[in-house]
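Read the structure below first, then the notes.
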Amino acid sequence: MDIRVFLLLLLVLVSSVEHGFSLYEDQVGLMDWHQRYIGKVKHAVFHTQKTGRKRVVVSTEENVVASLDLRHAEIFWRHVLGTNDAVDAVDIALGKYVITLSSEGSILRAWNLPDGQMVWESFLQGSNPSKSLLSVPGSIVQINLKVDKDNVILVFSKGFLHAVSSIDGDVLWDKDFSAESIEVQQIIQPPESYVIYAVGFVGSSQFDVYQINAKSGELLKHKSAAFPDGFYGEVLLVSSDMLVSLDATRSNLVTISFRKEEISFSKTHISYLVGESLGIPVILPSKLSGILAVKFNTLLVFIRVKSEGKLEVVDKIANAAAVSDALSFSEGQQAFALVEHVDGKILLTVKLSHDWNSDFLKESIAMDHQWGLVQKVFINTYIRTDRSHGFRVLIVMEDHSLLLLQQGEIVWSREEGLASIIDVTTSELPVEKKGVSVAKVEQNLFEWLKGHVLKLKGTLMLASPEDIAVIQDMRLKSSEKSKMTRDHNGFRKLLIVLTRAGKLYALHTGDGRVIWSLLLPSLRKSGSCKHPTGLSVYQWQVPHHHAMDENPSVLVAGRCGPHWDAPGVLSFVDTYTGKELNALGLTHSVAQVIPLPFTDSTEQHLHLLIDSDQCAHLYPRTSEAIGIFQREFSNIYWYSVEADNGIIKGHALRSNCIGVVDEYCFNSSDLWSIVFPSESEKIIATATRKLNEVVHTQAKVIADQDVMFKYISKNLLFVATIAPKASGEFGKPTPEESWLVVYLIDTVTGRILHRMTHHGSQGPVHAVLSENWVVYHYFNLRAHRYEMSVIEIYDLSRAENKDVWKLLVGKHNLTSPISLYSRPEVMTKSQSYFFTQSVKALAVTSTAKGITSKQLLIGTIGDQVLALDKRYLDPRRSVNPTQAEKEEGIIPLSDSLPIIPQSYVTHALKVEGLRGIVTLPTKLESTTLVFAHGVDLFLTRIAPSRTYDSLTEDFSYALLLLTIVALIAAIFVTWVLSEKKELQEKWR
Amino acid sequence: MRSQPVILVLLVHLCIPFLSSSLAISPGEGYTVNGRVKIPSLGAQGLVRPGKLSNIKVVLNGGQRFTLLRPDGYFSFHNVPAGTHLIEVDAIGYFFSPVRVDVSARNPGKVQATLTENRRGLSELVLEPLREEQYYEIREPFSIMSVVKSPMGLMMGFMLVVMFLMPKLMENMDPEEMRRAQEEMRSQGVPSLASLLPGGAARS
């Protein structure tokens, strides 16, 4: 208790309004780490022709366009496009520009290949949405063909065919197909020809070919032919004059010859070709020149297209995973890569298109199982020292990671799964085993002293540049940081992250390295689970006290389909070893997972899973858990938000499930419901307190020695609704017809504690709720600026307890139990401020004991994380605070919140594609870990009120030692001097 | 070699007078908003970090759309519906005010842009940073004061005061007074350490 008082005192002393977080430039990387990713690769284009740096340009599912070094996998440059600016195609033009087509074929951009500077951007008008195709005549030969030496990019999107100059992005001509009701499938420009062929379907059974002059866009010829059987799916260009498609029944392959005078079709029955019926055929979109690949479930059949549309099966491969496009190399030869999975290894075969029987290259490569299956292959060629052709392939795995294979080896790999984190939790590291050798200590002591001498030099600015480099190196390398054991301050932990690919990673908080990774078998595609998606991770078993020998474990919840009523899957994973302990395929769905605050004798946390029928299922399924649960049966309440219907419901448990014999299943009943009028309010955001948040004290001492009692309830829910008219885009609604209504609701009783309307405001709303306050960010249409508001809620029923005499006599109600049925009187205070930037995420720091003052962590539109002291969002701020209020630390009111550059926790870095901010308390009360994730990952350690309970990293022990030595020396000197003087006195 | 794009920017800034008409009508339902980001100090600093310009993003309506700058600093948003919009510039190292842009359907070709931070109207959509942002604390050079102010420095200082100033103070005292004080002390008896201890007092 004394310690707490002392700490509080210290807090008051230490806390200053200045930024609690600030760094010197040489401290970068000391407490933080930053990892850059790109996401799952969709397209890859190699650029290796010229000497110099070999690179590959990729576009990914995170809408990233990046250029990677082929040797070391490092990112040369990278651009993260907006969330609704998905990249449709990538190519290289003129040998120096990267061309990307994005936003469903409406934006064409060119990037400078060496440095990623955008060169030009072109907006392509279109009308109806349709598939977009990009075709860049890439080979250098074709530039010479053009009279104006211009390399033309052909883009088909939204019913238009555009020819765009690759030098400046000007649209040279466009041709409108939207009136022709043709669904264009392919744009073909045979080499050394001025004619562009646009082929497609009209309806389902007519095939049309348009011939267009490549220079002017003039329509040369239009041919059309009917195919009564109809087509299914897309067409594939097999050779320069032959297309292949499936007919409507999907039992015949149709070859279409389109360049002759008459369009001719030739139909071949698939079962006649392959011998038996193998299931539903799917034509793979790989361009293999003369060959097409058809997939039947797991069997891949290669079919060669001969002249006159004759088909011939060349090979059947059972375990094929992926096929690349054909790549032409010397003398018009074409090769492609085929990847198979053969007993735990992958078999890479490079075949020549014209000569099937000879394998150009056959390599077997051992793979980590945690990468899963190969999903995509991209092939590239290089010239070996002996002038023969070698091949390297880039493969994309099931867990989204990217690997480069060359000469039967994995040259590098990138764990791109980490670019799409869904949920984060933590796990403690094992406790350090005793037993340290003396020699080690001695050596450490020497090193320690040396280090401190260097540091002292550094602080006294006596260090030479080499010394500074050594100091920096020492700081970064400090093995303390990345040890695999628990530390005293609780800085070292494991971050357990679940990614969209269904892979679980354990990252070390010290340096961000991957300790283990597990591609969850239960979240992989299987017969019973077609579209598995991971939902969330929870701490399942956190051993301490009596269950110390057990390893901690986490619970991963997922479901087997995109809809929320799909059956759920649970997986239990040991966080030390990374092994799956148990997996459950559930019969019910998982709509909500509620971690209960109870543990059983093995420290397993009880979890309640709510399914889509509002039945509750208890886990773990043990009789002990049931026993604990029954005791608390009547105290369990939860709520559900149906945002589409505008209803919030409160639920309680009723009895065991009827009909099914399952003692772990419970019925629920609706206690209350709040229905928002659908014509005037639409739910857009909700926020609750974090379950693990700790509040130190309920009382808040304000100026003039008064006390206010915070209304602290775990069951507080913040709901924001907006006018349905204002829910659309920006700029559409007028201030008069838009409003934002915020509610504070008690989720046990359904009582609305507070309701407030912001007129002329609209979403998006980001909110965070902590202790007794909620902060939310929204857009004010009248001022046309963003605003942040704070609401603080206080409990008035305890206000009488301030009288000391009453306390002494015992007439207080401090010990009376808090019940939500007693309807406590509450008081709210609120204030609003302008905030300059758009916000992507909002979070609040959390510490172990809740003593340290709080900071808001704001993920800005620029993908930075800004720490803002909660004291700026205090409804008691006024323009002229009194002396007493100033002493309390109240900041004079200003209309906008300050953005202090030094308080960006991400300093000069960006967490591209920021999606979430997680704060993790450490054992040291002053400090909290902040983990921001998006396409990039960033972790740092911040102290909102500075590190008042420990010495800072750069504290100079050597200077302290020096002072002590000097003091002792001084004592002796003065002693001797005084002795001498005394002697002299006596002689006098 | 890598500084080339920056030089280009500067040249363009100097040579071409403002290309006016920030708003152009394009066929279709929306309008095109053109603008330019101008960073005056990039000339000096840009030579150090040429990647800076290529990483500047322009954001429409809080993340609805993003675009990047062309080498000459221009950007454009296409197909923007009529109404009031917000444009933000995301550039590491600079603080830009968001800009309110009114795209009017009635008289196309007219743009109204206002900086929301200081409500200053813009005649053209040329965005300039309000200030540069310094993300790091500047390390103060070594000074005697910082050492003196640290706890250890204070300890040292106090020690020095005791060592050198106290005897001086003693010397400056009036000898008569000194003698009187000493006599007083003697009459009371010098309090020895032993007498202060509970056991020692009983013995004496």
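Identifiers in this document derive from the order of the structure tokens: chains are assigned A, B, ..., residues are numbered from 1 separately in each chain, and ligands are numbered from 1 in order of occurrence.
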
* To do: Excluding range 355-363 of chain A and any residue of its chain fewer than 2 positions from it, enumerate the residues within 10 Å of it, using only C-alpha atoms, and give them as JSON, numbers by chain.
  => {"A": [291, 302, 304, 314, 315, 333, 334, 335, 336, 337, 338, 339, 346, 347, 348, 349, 350, 351, 352, 353, 365, 366, 389, 390, 391, 405, 406, 407, 408, 409]}

* Do me a favour and pick out the residues of chain B within 6 Å of chain A, using only C-alpha atoms, as a PyMOL selection string. => chain B and resi 54+62+66+70+83-85+90+133-137

Take the selection from the previous step and output its residues with C-alpha atoms, as a compact mmCIF listing (two decimals), in the first residue's frame.
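Output contents, as saved in out-v3.txt:
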```
# COMPACT_ATOMS: atom_id res chain seq x y z
CA SER B 54 7.63 9.18 -54.22
CA GLY B 62 -10.46 9.97 -45.06
CA PHE B 66 -5.52 7.43 -52.46
CA ARG B 70 3.65 12.60 -60.28
CA GLY B 83 -20.27 17.96 -53.06
CA THR B 84 -17.87 18.85 -50.32
CA HIS B 85 -14.75 16.76 -49.98
CA ASP B 90 0.32 12.14 -46.02
CA GLU B 133 7.90 17.63 -38.36
CA GLN B 134 10.88 16.52 -36.33
CA TYR B 135 10.22 13.09 -34.87
CA TYR B 136 13.26 12.89 -32.69
CA GLU B 137 14.45 14.85 -29.75
```

* Structure fact -> From CA of Arg941 in chain A to CA of Leu920 in chain A the spacing works out at 9.4 Å

* Who sits within 12 Å of Leu160 in chain B, only C-alpha atoms, same chain under 2 positions skipped, as a ChimeraX atom specification -> /A:966-967,970-971,974 /B:148,153-158,162-167

For the selection you just gave me, I'd like the residues written to a file as an mmCIF file, in the first residue's frame, keeping N, CA and C atoms.
```cif
data_model
loop_
_atom_site.group_PDB
_atom_site.id
_atom_site.type_symbol
_atom_site.label_atom_id
_atom_site.label_comp_id
_atom_site.auth_asym_id
_atom_site.auth_seq_id
_atom_site.Cartn_x
_atom_site.Cartn_y
_atom_site.Cartn_z
ATOM 1 N N ALA A 966 34.607 8.977 -5.935
ATOM 2 C CA ALA A 966 35.078 10.336 -5.679
ATOM 3 C C ALA A 966 34.671 10.785 -4.288
ATOM 4 N N LEU A 967 33.433 10.413 -3.907
ATOM 5 C CA LEU A 967 32.955 10.815 -2.584
ATOM 6 C C LEU A 967 33.790 10.170 -1.485
ATOM 7 N N ALA A 970 37.010 11.792 -1.299
ATOM 8 C CA ALA A 970 36.880 13.103 -0.688
ATOM 9 C C ALA A 970 36.785 12.983 0.833
ATOM 10 N N ILE A 971 36.041 11.936 1.289
ATOM 11 C CA ILE A 971 35.907 11.736 2.729
ATOM 12 C C ILE A 971 37.284 11.549 3.358
ATOM 13 N N THR A 974 39.328 14.840 3.258
ATOM 14 C CA THR A 974 38.874 15.826 4.257
ATOM 15 C C THR A 974 39.227 15.359 5.662
ATOM 16 N N VAL B 148 26.065 19.065 -13.910
ATOM 17 C CA VAL B 148 25.844 19.658 -12.585
ATOM 18 C C VAL B 148 24.417 19.411 -12.117
ATOM 19 N N GLY B 153 25.780 15.078 -9.966
ATOM 20 C CA GLY B 153 26.409 16.391 -10.020
ATOM 21 C C GLY B 153 26.069 17.202 -8.778
ATOM 22 N N LEU B 154 24.798 17.104 -8.385
ATOM 23 C CA LEU B 154 24.373 17.847 -7.192
ATOM 24 C C LEU B 154 25.116 17.357 -5.958
ATOM 25 N N MET B 155 25.279 16.002 -5.897
ATOM 26 C CA MET B 155 25.999 15.428 -4.756
ATOM 27 C C MET B 155 27.413 15.984 -4.684
ATOM 28 N N MET B 156 28.049 15.962 -5.861
ATOM 29 C CA MET B 156 29.427 16.469 -5.953
ATOM 30 C C MET B 156 29.479 17.933 -5.517
ATOM 31 N N GLY B 157 28.525 18.663 -6.048
ATOM 32 C CA GLY B 157 28.494 20.092 -5.764
ATOM 33 C C GLY B 157 28.357 20.349 -4.271
ATOM 34 N N PHE B 158 27.455 19.606 -3.642
ATOM 35 C CA PHE B 158 27.239 19.778 -2.205
ATOM 36 C C PHE B 158 28.525 19.461 -1.448
ATOM 37 N N VAL B 162 30.693 21.825 1.034
ATOM 38 C CA VAL B 162 31.076 21.484 2.405
ATOM 39 C C VAL B 162 32.581 21.584 2.589
ATOM 40 N N MET B 163 33.307 21.103 1.575
ATOM 41 C CA MET B 163 34.761 21.044 1.708
ATOM 42 C C MET B 163 35.415 22.427 1.733
ATOM 43 N N PHE B 164 34.984 23.268 0.787
ATOM 44 C CA PHE B 164 35.731 24.516 0.607
ATOM 45 C C PHE B 164 35.048 25.725 1.203
ATOM 46 N N LEU B 165 33.726 25.758 1.144
ATOM 47 C CA LEU B 165 33.062 26.968 1.610
ATOM 48 C C LEU B 165 32.899 26.977 3.116
ATOM 49 N N MET B 166 32.636 25.831 3.711
ATOM 50 C CA MET B 166 32.371 25.794 5.147
ATOM 51 C C MET B 166 33.550 26.325 5.969
ATOM 52 N N PRO B 167 34.784 25.817 5.659
ATOM 53 C CA PRO B 167 35.925 26.357 6.425
ATOM 54 C C PRO B 167 36.034 27.868 6.276
#
```

* Take CA of Glu887 in chain A and CA of Ser853 in chain A and report the distance between them in Å, one decimal. =>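 That distance, rounded to one decimal, is 16.0 Å.
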
* To do: Give the alpha helix (DSSP H) residues of range 11-256 of chain A, as DSSP finds them on the backbone, and put them as a VMD selection string.
  => chain A and resid 11 to 14 141 to 145

Writer output for current selection, C-alpha atoms, as a compact mmCIF listing (two decimals), in the first residue's frame:
```txt
# COMPACT_ATOMS: atom_id res chain seq x y z
CA LEU A 11 3.66 10.10 -10.63
CA VAL A 12 2.49 13.52 -9.66
CA LEU A 13 6.06 14.68 -9.47
CA VAL A 14 7.13 13.17 -12.71
CA VAL A 141 11.20 -6.11 -81.12
CA GLN A 142 7.80 -4.49 -81.13
CA ILE A 143 8.99 -1.02 -80.32
CA ASN A 144 10.74 -0.95 -83.62
CA LEU A 145 7.60 -1.88 -85.37
```

* Asked: Any idea what's packed within 12 Å of Ala943 in chain A, counting only C-alpha atoms, ignoring anything in its chain fewer than 6 positions away? Could you give it as number ranges by chain?
  -> A: 11, 14-15, 19-23, 31, 845-847, 851-855, 867, 869, 903, 905, 919-922, 924-930, 949-950, 952

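Distances here use only C-alpha atoms; by that measure, the residue among A:Gln539, A:Ser589, A:Ser364, A:Ser286 closest to Val377 in chain A is A:Ser286.
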
* Could you pull the residues within 8 Å of Asn319 in chain A, counting only C-alpha atoms, minus those fewer than 2 positions along the same chain, as a PyMOL selection string? -> chain A and resi 298-300+317+321+340-342

* Asked: For Pro228 in chain A, which residue among A:Asp168, A:Glu771, A:Glu787, A:Asp247 is the nearest when counting only C-alpha atoms?
  ->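 Closest to Pro228 in chain A, using only C-alpha atoms: A:Asp247.
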
* To do: Go ahead and compute the interatomic distance for CA of Leu586 in chain A and CA of Ser601 in chain A, in Å to one decimal.
  =>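 About the pair CA of Leu586 in chain A and CA of Ser601 in chain A: they are 24.7 Å apart.
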
* To do: Within 8 Å of Tyr639 in chain A, counting only C-alpha atoms, which residues show up once you throw out same-chain ones fewer than 2 positions away? Write them as an MDAnalysis selection string, please.
  => chainID A and resid 637 641 648:651 747:748

* Which residue, A:Gly200, A:Gly512, A:Gly95, A:Gly578, has the smallest gap to Leu418 in chain A when you use only C-alpha atoms? ->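 Among A:Gly200, A:Gly512, A:Gly95, A:Gly578, it is A:Gly512 that comes nearest to Leu418 in chain A.
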
* Close residues, Phe378 in chain A itself excluded, 9 Å, only C-alpha atoms, min 6 positions apart in chain, as a PyMOL selection string -> chain A and resi 43-46+323-325+336-337+392-396

* Asked: Among range 91-146 of chain B, which residues carry a DSSP assignment of strand (DSSP E), reported as a ChimeraX atom specification?
  -> /B:94-95,99-103,111-115,121-122,126-127,131-132,136-137

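Distance check against Ile702 in chain A using only C-alpha atoms: of A:Ile182, A:Val64, A:Leu113, A:Ile890, the minimum falls on A:Ile890.
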